[in-house]
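Q: Hey, dropping final.tsv in here, TSV, C-alpha atoms and all ligand atoms:
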```tsv
chain	number	residue	atom	x	y	z
A	1	MET	CA	-2.38	8.37	15.96
A	2	TYR	CA	-2.38	4.96	17.57
A	3	VAL	CA	-4.58	1.91	17.91
A	4	SER	CA	-5.55	1.26	21.53
A	5	HIS	CA	-7.56	-1.89	20.98
A	6	LEU	CA	-7.85	-4.52	18.26
A	7	THR	CA	-10.61	-7.11	18.02
A	8	LEU	CA	-10.81	-9.80	15.35
A	9	HIS	CA	-13.52	-12.31	14.46
A	10	ASP	CA	-12.75	-15.03	11.93
A	11	PHE	CA	-9.91	-12.98	10.46
A	12	ARG	CA	-7.12	-15.22	9.01
A	13	SER	CA	-6.16	-17.83	11.65
A	14	TYR	CA	-8.12	-16.13	14.48
A	15	ALA	CA	-11.61	-17.28	15.47
A	16	ALA	CA	-11.41	-14.44	17.99
A	17	ALA	CA	-8.68	-12.14	19.25
A	18	ASP	CA	-8.75	-9.18	21.58
A	19	VAL	CA	-5.55	-7.19	22.06
A	20	ALA	CA	-5.03	-3.99	24.07
A	21	LEU	CA	-2.33	-1.75	22.58
A	22	GLU	CA	-0.44	1.31	23.69
A	23	PRO	CA	1.42	4.12	21.99
A	24	GLY	CA	5.14	3.46	21.55
A	25	VAL	CA	6.60	0.13	20.53
A	26	THR	CA	4.76	-3.19	20.69
A	27	ALA	CA	6.45	-6.36	19.47
A	28	PHE	CA	4.64	-9.59	18.62
A	29	ILE	CA	6.98	-12.52	19.07
A	30	GLY	CA	6.31	-16.15	18.18
A	31	ARG	CA	7.38	-19.07	16.06
A	32	ASN	CA	6.69	-19.08	12.31
A	33	GLY	CA	3.09	-19.34	11.22
A	34	GLN	CA	1.60	-18.51	14.64
A	35	GLY	CA	-0.40	-15.48	13.49
A	36	LYS	CA	1.86	-12.47	14.22
A	37	THR	CA	1.55	-10.96	10.75
A	38	ASN	CA	-2.19	-11.68	10.75
A	39	LEU	CA	-2.57	-9.18	13.64
A	40	VAL	CA	-0.74	-6.30	11.97
A	41	GLU	CA	-2.28	-7.14	8.60
A	42	ALA	CA	-5.70	-6.52	10.18
A	43	ILE	CA	-4.69	-2.98	11.18
A	44	ASP	CA	-3.20	-2.33	7.76
A	45	TYR	CA	-6.43	-3.61	6.18
A	46	LEU	CA	-8.45	-1.04	8.13
A	47	SER	CA	-6.31	1.77	6.75
A	48	ARG	CA	-6.69	0.95	3.04
A	49	LEU	CA	-9.28	-1.84	2.88
A	50	ALA	CA	-6.55	-3.90	1.25
A	51	SER	CA	-3.85	-6.23	2.48
A	52	HIS	CA	-0.12	-5.88	1.89
A	53	ARG	CA	0.03	-9.63	1.24
A	54	VAL	CA	-2.91	-10.61	-0.97
A	55	ALA	CA	-4.88	-9.00	-3.77
A	56	THR	CA	-8.30	-10.36	-2.81
A	57	ASP	CA	-10.19	-10.59	0.47
A	58	ALA	CA	-10.95	-14.34	0.39
A	59	PRO	CA	-7.71	-15.47	2.14
A	60	LEU	CA	-8.42	-12.99	4.95
A	61	ILE	CA	-11.54	-14.87	6.05
A	62	ARG	CA	-10.83	-17.76	8.43
A	63	ALA	CA	-11.13	-21.06	6.58
A	64	GLY	CA	-14.67	-22.37	7.05
A	65	ALA	CA	-16.12	-18.99	8.08
A	66	ASP	CA	-18.20	-16.85	5.72
A	67	ARG	CA	-17.24	-13.38	6.93
A	68	ALA	CA	-14.63	-11.68	9.08
A	69	VAL	CA	-14.71	-8.63	11.32
A	70	VAL	CA	-11.83	-6.28	12.19
A	71	ARG	CA	-12.51	-3.65	14.83
A	72	ALA	CA	-10.03	-1.13	16.20
A	73	SER	CA	-10.18	1.78	18.62
A	74	VAL	CA	-8.10	4.55	17.14
A	75	VAL	CA	-6.87	7.48	19.19
A	76	ARG	CA	-6.11	10.70	17.36
A	77	ASP	CA	-5.42	14.01	19.09
A	78	GLY	CA	-6.79	12.54	22.33
A	79	ARG	CA	-10.11	11.47	20.79
A	80	THR	CA	-11.05	7.81	20.30
A	81	ALA	CA	-13.07	6.41	17.39
A	82	VAL	CA	-14.06	2.78	16.95
A	83	LEU	CA	-13.61	1.71	13.33
A	84	GLU	CA	-15.02	-1.56	12.11
A	85	VAL	CA	-15.10	-3.42	8.84
A	86	GLU	CA	-16.94	-6.61	8.01
A	87	LEU	CA	-15.41	-8.52	5.12
A	88	ASN	CA	-17.95	-10.38	2.98
A	89	PRO	CA	-16.20	-11.97	0.01
A	90	GLY	CA	-18.24	-11.68	-3.15
A	91	LYS	CA	-20.39	-8.98	-1.57
A	92	ALA	CA	-19.78	-5.39	-0.52
A	93	ASN	CA	-17.83	-4.95	2.71
A	94	ARG	CA	-19.64	-3.12	5.50
A	95	ALA	CA	-18.02	-0.46	7.64
A	96	ARG	CA	-18.99	1.39	10.78
A	97	ILE	CA	-17.62	4.24	12.84
A	98	ASN	CA	-18.62	4.27	16.51
A	99	ARG	CA	-21.18	1.58	15.60
A	100	SER	CA	-22.93	3.78	12.98
A	101	PRO	CA	-22.93	2.20	9.52
A	102	LEU	CA	-21.22	4.12	6.72
A	103	PRO	CA	-22.99	4.34	3.35
A	104	ARG	CA	-19.88	2.93	1.71
A	105	ALA	CA	-17.02	0.96	3.25
A	106	ARG	CA	-14.62	3.11	1.21
A	107	GLU	CA	-15.33	6.04	3.54
A	108	LEU	CA	-13.23	4.27	6.18
A	109	ILE	CA	-10.07	4.59	4.09
A	110	GLY	CA	-7.41	6.89	5.49
A	111	LEU	CA	-8.92	7.24	8.97
A	112	VAL	CA	-6.12	4.99	10.19
A	113	ARG	CA	-2.86	5.55	8.32
A	114	THR	CA	-0.22	2.84	8.28
A	115	VAL	CA	3.16	2.42	6.68
A	116	VAL	CA	4.18	-1.22	6.45
A	117	PHE	CA	7.75	-2.47	6.02
A	118	SER	CA	7.80	-6.14	5.06
A	119	PRO	CA	9.95	-8.65	3.20
A	120	GLU	CA	7.49	-8.31	0.27
A	121	ASP	CA	8.85	-4.75	-0.20
A	122	LEU	CA	11.66	-6.10	-2.34
A	123	THR	CA	9.05	-6.42	-5.11
A	124	LEU	CA	8.86	-2.60	-5.11
A	125	VAL	CA	12.31	-2.69	-6.66
A	126	LYS	CA	12.51	-6.07	-8.38
A	127	GLY	CA	8.85	-6.56	-9.30
A	128	ASP	CA	6.72	-5.44	-12.25
A	129	PRO	CA	5.77	-1.82	-12.97
A	130	SER	CA	2.33	-2.68	-11.55
A	131	ASP	CA	3.95	-3.17	-8.11
A	132	ARG	CA	5.36	0.37	-8.22
A	133	ARG	CA	2.09	1.81	-9.54
A	134	ARG	CA	0.30	0.15	-6.62
A	135	PHE	CA	2.85	1.68	-4.23
A	136	LEU	CA	2.07	5.16	-5.60
A	137	ASP	CA	-1.68	4.66	-5.62
A	138	ASP	CA	-1.76	3.28	-2.06
A	139	LEU	CA	0.13	6.33	-0.87
A	140	LEU	CA	-2.13	8.67	-2.87
A	141	VAL	CA	-5.22	7.17	-1.30
A	142	LEU	CA	-3.79	7.40	2.22
A	143	ARG	CA	-3.05	11.10	1.68
A	144	THR	CA	-6.28	11.86	-0.19
A	145	PRO	CA	-8.89	9.18	0.54
A	146	ARG	CA	-11.36	10.44	-2.10
A	147	LEU	CA	-8.90	9.19	-4.75
A	148	ALA	CA	-9.88	5.60	-3.87
A	149	GLY	CA	-13.08	6.36	-5.78
A	150	VAL	CA	-11.19	7.87	-8.73
A	151	ARG	CA	-8.89	4.80	-8.90
A	152	ALA	CA	-11.90	2.47	-8.80
A	153	ASP	CA	-13.63	4.49	-11.56
A	154	TYR	CA	-10.53	4.34	-13.73
A	155	ASP	CA	-10.28	0.55	-13.34
A	156	ARG	CA	-13.95	0.18	-14.23
A	157	VAL	CA	-13.60	2.40	-17.33
A	158	LEU	CA	-10.52	0.43	-18.39
A	159	ARG	CA	-12.30	-2.91	-18.05
A	160	GLN	CA	-15.30	-1.68	-20.08
A	161	ARG	CA	-13.09	-0.13	-22.71
A	162	ASN	CA	-10.93	-3.24	-23.03
A	163	SER	CA	-13.95	-5.47	-23.52
A	164	LEU	CA	-15.22	-3.12	-26.24
A	165	LEU	CA	-11.80	-3.08	-27.91
A	166	LYS	CA	-11.79	-6.87	-28.00
A	167	THR	CA	-14.91	-6.81	-30.19
A	168	ALA	CA	-14.19	-3.57	-32.09
A	169	ARG	CA	-12.49	-5.31	-35.01
A	170	MET	CA	-15.65	-7.30	-35.72
A	171	SER	CA	-18.33	-4.84	-34.74
A	172	ARG	CA	-18.99	-1.41	-36.16
A	173	GLY	CA	-21.32	-0.68	-33.16
A	174	ALA	CA	-18.53	-1.31	-30.67
A	175	LEU	CA	-16.23	1.04	-32.58
A	176	ASP	CA	-18.88	3.77	-32.47
A	177	THR	CA	-19.39	3.40	-28.71
A	178	LEU	CA	-15.64	3.59	-28.11
A	179	GLY	CA	-15.66	7.40	-28.32
A	180	VAL	CA	-17.70	7.64	-25.12
A	181	TRP	CA	-15.21	5.42	-23.29
A	182	ASP	CA	-12.25	7.37	-24.71
A	183	ALA	CA	-13.64	10.47	-23.00
A	184	HIS	CA	-14.16	8.61	-19.67
A	185	LEU	CA	-10.66	7.15	-19.88
A	186	ALA	CA	-9.11	10.55	-20.59
A	187	ARG	CA	-11.00	12.28	-17.77
A	188	THR	CA	-10.42	9.71	-14.99
A	189	GLY	CA	-6.95	8.82	-16.30
A	190	ALA	CA	-5.89	12.48	-16.27
A	191	GLU	CA	-6.94	12.79	-12.65
A	192	VAL	CA	-4.90	9.73	-11.63
A	193	LEU	CA	-1.97	10.98	-13.71
A	194	ALA	CA	-2.01	14.51	-12.29
A	195	GLU	CA	-2.16	13.18	-8.73
A	196	ARG	CA	0.68	10.71	-9.31
A	197	LEU	CA	2.90	13.39	-10.89
A	198	ALA	CA	2.34	15.68	-7.90
A	199	LEU	CA	2.98	12.80	-5.49
A	200	VAL	CA	6.29	11.85	-7.11
A	201	ASP	CA	7.37	15.50	-6.94
A	202	ALA	CA	6.52	15.62	-3.25
A	203	LEU	CA	8.17	12.28	-2.48
A	204	ARG	CA	11.45	12.77	-4.38
A	205	PRO	CA	13.36	14.82	-1.81
A	206	TYR	CA	12.42	12.35	0.93
A	207	VAL	CA	13.67	9.36	-1.09
A	208	GLY	CA	17.18	10.79	-1.47
A	209	LYS	CA	17.34	11.63	2.23
A	210	ALA	CA	15.99	8.22	3.29
A	211	TYR	CA	18.45	6.35	1.06
A	212	GLU	CA	21.32	8.30	2.51
A	213	THR	CA	20.16	7.19	5.96
A	214	VAL	CA	19.70	3.49	5.22
A	215	ALA	CA	22.62	2.86	2.85
A	216	ARG	CA	26.04	3.24	4.41
A	217	GLY	CA	28.26	5.72	2.62
A	218	ALA	CA	25.53	6.90	0.23
A	219	THR	CA	24.72	10.57	-0.26
A	220	ARG	CA	21.29	12.07	-0.72
A	221	ASP	CA	21.90	12.58	-4.44
A	222	ASP	CA	22.45	8.87	-5.06
A	223	ALA	CA	18.85	7.70	-5.11
A	224	ASP	CA	16.18	9.26	-7.27
A	225	ILE	CA	12.71	8.48	-8.62
A	226	GLU	CA	11.01	9.63	-11.79
A	227	TYR	CA	7.51	9.15	-13.14
A	228	LYS	CA	7.57	7.72	-16.65
A	229	PRO	CA	4.22	8.07	-18.43
A	230	SER	CA	3.06	5.91	-21.34
A	231	PHE	CA	3.64	8.83	-23.76
A	232	ASP	CA	5.44	12.20	-23.74
A	233	LEU	CA	3.43	14.68	-21.65
A	234	GLU	CA	5.57	17.60	-22.86
A	235	GLY	CA	5.58	19.12	-19.41
A	236	ARG	CA	1.81	19.10	-18.89
A	237	THR	CA	0.76	18.60	-15.27
A	238	SER	CA	-2.76	20.05	-14.92
A	239	ARG	CA	-5.79	17.81	-15.10
A	240	ASP	CA	-7.40	19.66	-18.01
A	241	ASP	CA	-4.22	19.66	-20.10
A	242	LEU	CA	-3.66	15.99	-19.36
A	243	THR	CA	-7.25	15.10	-20.29
A	244	GLU	CA	-6.75	16.75	-23.67
A	245	ALA	CA	-3.36	15.09	-24.21
A	246	LEU	CA	-4.68	11.63	-23.24
A	247	LEU	CA	-7.63	11.98	-25.59
A	248	ALA	CA	-5.38	13.02	-28.48
A	249	GLU	CA	-2.99	10.13	-27.80
A	250	VAL	CA	-5.82	7.59	-27.55
A	251	GLU	CA	-7.11	8.77	-30.93
A	252	ARG	CA	-3.61	8.60	-32.42
A	253	ARG	CA	-3.18	4.99	-31.22
A	254	ARG	CA	-6.68	3.86	-32.22
A	255	GLY	CA	-5.43	1.48	-34.94
A	256	ASP	CA	-2.95	-0.26	-32.62
A	257	GLU	CA	-5.52	-0.56	-29.86
A	258	VAL	CA	-8.14	-2.11	-32.13
A	259	ASP	CA	-5.54	-4.52	-33.57
A	260	ARG	CA	-4.37	-5.62	-30.16
A	261	GLY	CA	-7.76	-5.40	-28.43
A	262	ILE	CA	-6.38	-3.58	-25.40
A	263	SER	CA	-5.96	-0.02	-24.04
A	264	LEU	CA	-2.37	1.06	-24.67
A	265	VAL	CA	-2.49	4.60	-23.29
A	266	GLY	CA	-3.11	5.76	-19.75
A	267	PRO	CA	-1.80	5.56	-16.20
A	268	HIS	CA	-2.19	1.76	-16.18
A	269	ARG	CA	0.81	1.63	-18.56
A	270	ASP	CA	3.04	4.04	-16.63
A	271	GLU	CA	6.16	3.27	-14.62
A	272	LEU	CA	7.95	4.68	-11.60
A	273	LEU	CA	11.64	4.65	-12.44
A	274	LEU	CA	14.08	4.09	-9.59
A	275	ARG	CA	17.67	5.18	-10.09
A	276	LEU	CA	20.94	4.92	-8.21
A	277	GLY	CA	23.36	7.42	-9.68
A	278	ASP	CA	23.06	7.10	-13.46
A	279	LEU	CA	21.84	3.51	-13.44
A	280	PRO	CA	18.37	2.06	-13.08
A	281	VAL	CA	17.94	0.04	-9.91
A	282	LYS	CA	16.09	-2.81	-11.59
A	283	GLY	CA	18.56	-5.17	-13.20
A	284	TYR	CA	21.64	-3.28	-11.93
A	285	ALA	CA	21.51	-2.81	-8.18
A	286	SER	CA	22.96	-5.40	-5.79
A	287	HIS	CA	20.70	-7.26	-3.40
A	288	GLY	CA	21.73	-4.97	-0.52
A	289	GLU	CA	21.19	-1.83	-2.59
A	290	SER	CA	17.78	-3.08	-3.70
A	291	TRP	CA	16.79	-3.67	-0.08
A	292	SER	CA	18.03	-0.23	0.90
A	293	PHE	CA	16.00	1.34	-1.90
A	294	ALA	CA	12.86	-0.52	-0.85
A	295	LEU	CA	13.36	0.61	2.75
A	296	ALA	CA	14.02	4.15	1.55
A	297	LEU	CA	10.71	4.20	-0.37
A	298	ARG	CA	8.83	3.16	2.77
A	299	LEU	CA	10.71	5.60	4.99
A	300	ALA	CA	10.11	8.39	2.50
A	301	SER	CA	6.36	7.56	2.52
A	302	TYR	CA	6.41	7.72	6.30
A	303	ASP	CA	8.20	11.09	6.28
A	304	LEU	CA	5.81	12.51	3.69
A	305	LEU	CA	2.70	11.38	5.60
A	306	ARG	CA	4.22	12.79	8.75
A	307	ALA	CA	4.88	16.11	7.02
A	308	ASP	CA	1.14	16.19	6.18
A	309	GLY	CA	0.63	16.57	9.91
A	310	ASP	CA	-0.27	13.18	11.34
A	311	ASP	CA	2.01	10.40	12.52
A	312	PRO	CA	1.06	7.20	10.71
A	313	ILE	CA	1.29	3.86	12.52
A	314	LEU	CA	4.50	2.10	11.59
A	315	ILE	CA	4.38	-1.64	11.04
A	316	LEU	CA	7.68	-3.52	10.80
A	317	ASP	CA	6.60	-6.97	9.71
A	318	ASP	CA	9.40	-9.53	9.89
A	319	VAL	CA	12.01	-7.11	8.58
A	320	PHE	CA	14.73	-7.47	11.18
A	321	ALA	CA	15.60	-11.04	10.21
A	322	GLU	CA	16.46	-9.67	6.74
A	323	LEU	CA	18.90	-7.01	7.95
A	324	ASP	CA	22.42	-7.13	9.38
A	325	THR	CA	23.00	-5.86	12.93
A	326	GLU	CA	24.13	-2.40	11.92
A	327	ARG	CA	21.16	-1.82	9.65
A	328	ARG	CA	18.76	-3.19	12.24
A	329	ALA	CA	20.05	-0.62	14.72
A	330	GLN	CA	19.88	2.16	12.10
A	331	LEU	CA	16.26	1.39	11.18
A	332	ALA	CA	15.32	1.05	14.85
A	333	ASP	CA	16.80	4.47	15.65
A	334	LEU	CA	14.92	6.03	12.76
A	335	VAL	CA	11.52	4.73	13.79
A	336	ALA	CA	11.84	4.63	17.56
A	337	GLY	CA	10.28	8.10	17.95
A	338	ALA	CA	7.09	7.26	16.02
A	339	GLU	CA	3.83	7.52	17.93
A	340	GLN	CA	3.12	3.79	17.49
A	341	VAL	CA	5.39	1.08	16.12
A	342	LEU	CA	4.17	-2.50	15.75
A	343	VAL	CA	6.87	-5.10	15.21
A	344	THR	CA	6.63	-8.79	14.38
A	345	ALA	CA	9.58	-11.16	14.78
A	346	ALA	CA	10.03	-14.90	15.11
A	347	VAL	CA	12.98	-14.41	17.49
A	348	GLY	CA	12.81	-11.78	20.22
A	349	ALA	CA	16.57	-11.22	20.07
A	350	ASP	CA	16.22	-9.95	16.46
A	351	VAL	CA	14.35	-6.87	17.70
A	352	PRO	CA	16.93	-4.14	18.43
A	353	GLU	CA	17.39	-2.65	21.89
A	354	ALA	CA	16.11	0.74	20.73
A	355	LEU	CA	12.71	-0.88	20.18
A	356	ALA	CA	12.32	-2.29	23.67
A	357	GLY	CA	8.65	-1.86	24.54
A	358	VAL	CA	5.62	-3.97	25.26
A	359	ARG	CA	5.94	-7.60	24.13
A	360	TYR	CA	3.24	-10.08	23.25
A	361	LEU	CA	3.87	-13.78	22.78
A	362	VAL	CA	1.86	-15.20	19.89
A	363	GLY	CA	1.23	-18.95	19.69
A	364	GLY	CA	-1.49	-21.58	19.62
A	365	GLY	CA	-4.07	-18.98	18.60
A	366	GLU	CA	-3.38	-16.91	21.75
A	367	VAL	CA	-1.87	-13.44	22.05
A	368	VAL	CA	-0.50	-13.05	25.57
A	369	ARG	CA	1.30	-10.06	27.07
A	370	GLU	CA	4.76	-11.05	28.32
A	401	LIG	N1	-7.88	-17.66	5.98
A	401	LIG	C1	-7.18	-18.38	6.88
A	401	LIG	N2	-7.83	-19.31	7.64
A	401	LIG	C2	-7.16	-20.04	8.54
A	401	LIG	N3	-5.84	-19.94	8.75
A	401	LIG	C3	-5.15	-19.06	8.03
A	401	LIG	C4	-5.78	-18.23	7.05
A	401	LIG	N4	-4.86	-17.44	6.49
A	401	LIG	C5	-3.68	-17.75	7.06
A	401	LIG	N5	-3.86	-18.72	8.00
A	401	LIG	C6	-2.82	-19.35	8.83
A	401	LIG	O1	-2.14	-18.33	9.54
A	401	LIG	C7	-0.79	-18.72	9.70
A	401	LIG	C8	0.12	-17.61	9.24
A	401	LIG	O2	0.03	-16.57	10.10
A	401	LIG	P1	1.04	-15.34	9.97
A	401	LIG	O3	1.31	-15.05	8.57
A	401	LIG	O4	0.50	-14.29	10.85
A	401	LIG	O5	2.32	-16.02	10.60
A	401	LIG	P2	3.54	-15.35	11.36
A	401	LIG	O6	3.38	-15.64	12.81
A	401	LIG	O7	3.69	-13.93	10.97
A	401	LIG	O8	4.70	-16.25	10.77
A	401	LIG	P3	6.16	-15.91	10.16
A	401	LIG	O9	7.04	-15.68	11.34
A	401	LIG	O10	6.47	-17.19	9.46
A	401	LIG	O11	5.98	-14.74	9.25
A	401	LIG	C9	-0.54	-19.92	8.83
A	401	LIG	O12	-0.46	-21.07	9.68
A	401	LIG	C10	-1.76	-19.99	7.95
A	401	LIG	O13	-2.11	-21.31	7.65
```
Could you show the structure in this file as structure tokens?
A:
Amino acid sequence: MYVSHLTLHDFRSYAAADVALEPGVTAFIGRNGQGKTNLVEAIDYLSRLASHRVATDAPLIRAGADRAVVRASVVRDGRTAVLEVELNPGKANRARINRSPLPRARELIGLVRTVVFSPEDLTLVKGDPSDRRRFLDDLLVLRTPRLAGVRADYDRVLRQRNSLLKTARMSRGALDTLGVWDAHLARTGAEVLAERLALVDALRPYVGKAYETVARGATRDDADIEYKPSFDLEGRTSRDDLTEALLAEVERRRGDEVDRGISLVGPHRDELLLRLGDLPVKGYASHGESWSFALALRLASYDLLRADGDDPILILDDVFAELDTERRAQLADLVAGAEQVLVTAAVGADVPEALAGVRYLVGGGEVVRE
């Protein structure tokens, strides 16, 4: 798939932008802070209704404006669809396909699929477990868009349950109601858990292979990932078995949870372990190894999505400045065959030869083809 046209209104620094795109490589070149990342962020936003840079929508609306619009023509198997989202902070976003409104903006998710490489990726390795959980969930939703709803339900159940737990020590009524929320937590949590376990299984072989490619001298057995749940699942993987196990564990931890006023069991407490050889990556790996692992996770995601049968759009946001010449060339060779690659760089010379393609100069609010 590829985006053939991007239109922005009041998105980030752009009052208006209109950019024609082609399959193959397009690089956006311009000095720092000129709005290169803002362009690719808009396409990434369309794919997941979330940004790779911020957790809320407010910073995506141009300062002083009250809503933003991102519209893209997406070509897939020779057919074009126009996808549009209107961002209304504090209110529900509105989405349309070919100008027809969708009942829920969420239905747009996954129609464009992107994999973004960016300097923020280092947090996949060095950040909190929540960063790695988000990585898994974003990938889950891209592969199976209906899971966006399951994730949202789980978060809602968790919030409700946590607010009940905060009052449970004082209130008999709250304690009685908790049972209902235990069942919701177990049911939605088990679905998230089962999907994540299956995803990690599917992703593992690609991670080893990708690490071997990006880290000089490494073999495909060096890098590995493992899903670490908040309690021992004893080999259970099916949704029904996991629902039962979660419910039993929640009941077993009831005292702790009431004392601490917070939910201690469920996929919101899980971790994705990253390992190089016998050692965990976090706290042990060198800076270069950490970078290679982060790149490998993104490349593995790309390979997995591709194996599902559709080439996602690759976005390389500001990554070349972070890499030495050899690794730049390696990454460029790996991605050069993708159906569409969008690159941002402050210095044109940082973009490797293998990614010669269309170039746009970005500056002063303008995006001009070179
Ligand atoms: N909501 C917003 N309203 C107005 N301007 C914004 C908004 N959000 C970001 N900007 C501006 O956009 C600019 C950043 O754009 P962007 O991140 O695309 O830069 P870039 O060209 O990728 O730069 P770099 O090379 O440094 O990564 C900053 O000047 C910032 O002030």
Q: Smallest atom-to-atom distance to Gly337 in chain A: which of A:Lys91, A:Thr188, A:Ile313, A:Ala81, using all atoms listed in the file?
A: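 Among the listed residues, A:Ile313 lies closest to Gly337 in chain A.
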Q: Record the distance separating CA of Ser263 in chain A and CA of Met170 in chain A, expressed in Å with one decimal.
A: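 Spanning CA of Ser263 in chain A to CA of Met170 in chain A is a straight-line distance of 16.8 Å.
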Q: Please list, as an MDAnalysis selection string, the residues that have an atom at most 12 Å away from (14.9, 10.3, -1.3) in the coordinates of this file, counting only C-alpha atoms.
A: chainID A and resid 200:215 218:226 274:276 292:304
Q: Rounded to one decimal, what separation in Å do you get between atom O4 of ligand LIG 401 (chain A) and CA of Leu60 in chain A?
A: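 Answer for the atom O4 of ligand LIG 401 (chain A) to CA of Leu60 in chain A separation: 10.8 Å.
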Q: Taking 3 positions as the minimum chain separation for residues in the same chain, which residues sit within 8 Å of Val25 in chain A when counting all atoms listed in the file? Answer as a compact mmCIF listing (two decimals) with C-alpha atoms, in the coordinates of the input.
A:
```
# COMPACT_ATOMS: atom_id res chain seq x y z
CA GLU A 22 -0.44 1.31 23.69
CA ALA A 336 11.84 4.63 17.56
CA GLN A 340 3.12 3.79 17.49
CA VAL A 341 5.39 1.08 16.12
CA LEU A 342 4.17 -2.50 15.75
CA VAL A 343 6.87 -5.10 15.21
CA LEU A 355 12.71 -0.88 20.18
CA ALA A 356 12.32 -2.29 23.67
CA GLY A 357 8.65 -1.86 24.54
CA VAL A 358 5.62 -3.97 25.26
```
Q: Pick from A:Val3, A:Leu279, A:Leu139, A:Leu39: nearest to Leu83 in chain A, with all atoms listed in the file counted?
A: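 Nearest to Leu83 in chain A: A:Val3.
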Q: Find the residues of chain A that sit at most 7 Å from ligand LIG 401 (chain A); for each, write down the nearest two atoms and how far apart they are in Å, to one decimal. Count all atoms listed in the file. Sort by chain, then by number going up, and give it as a tab-separated table.
A:
```
residue	atom	partner	partner_atom	distance
A:Phe11	CA	A:LIG401	N1	6.8
A:Arg12	CA	A:LIG401	C1	3.8
A:Ser13	CA	A:LIG401	N3	3.6
A:Gly30	CA	A:LIG401	O6	6.1
A:Arg31	CA	A:LIG401	O9	5.8
A:Asn32	CA	A:LIG401	O10	3.4
A:Gly33	CA	A:LIG401	O5	3.5
A:Gln34	CA	A:LIG401	O6	3.8
A:Gly35	CA	A:LIG401	O4	3.0
A:Lys36	CA	A:LIG401	O6	3.8
A:Thr37	CA	A:LIG401	O4	3.5
A:Asn38	CA	A:LIG401	O4	3.7
A:Leu39	CA	A:LIG401	O4	6.6
A:Pro59	CA	A:LIG401	N1	4.4
A:Leu60	CA	A:LIG401	N1	4.8
A:Ile61	CA	A:LIG401	N1	4.6
A:Arg62	CA	A:LIG401	N2	3.5
A:Ala63	CA	A:LIG401	N2	3.9
A:Asp318	CA	A:LIG401	O11	6.3
A:Thr344	CA	A:LIG401	O7	6.8
A:Ala345	CA	A:LIG401	O9	6.2
A:Ala346	CA	A:LIG401	O9	4.9
```
Q: Determine the nearest neighbour of Val347 in chain A from the options A:Trp291, A:Pro267, A:Glu249, A:Phe320, counting all atoms listed in the file.
A: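 Among A:Trp291, A:Pro267, A:Glu249, A:Phe320, it is A:Phe320 that comes nearest to Val347 in chain A.
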Q: What is the distance, in Å and to one decimal place, between CA of Lys228 in chain A and CA of Arg146 in chain A?
A: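 Spanning CA of Lys228 in chain A to CA of Arg146 in chain A is a straight-line distance of 24.0 Å.
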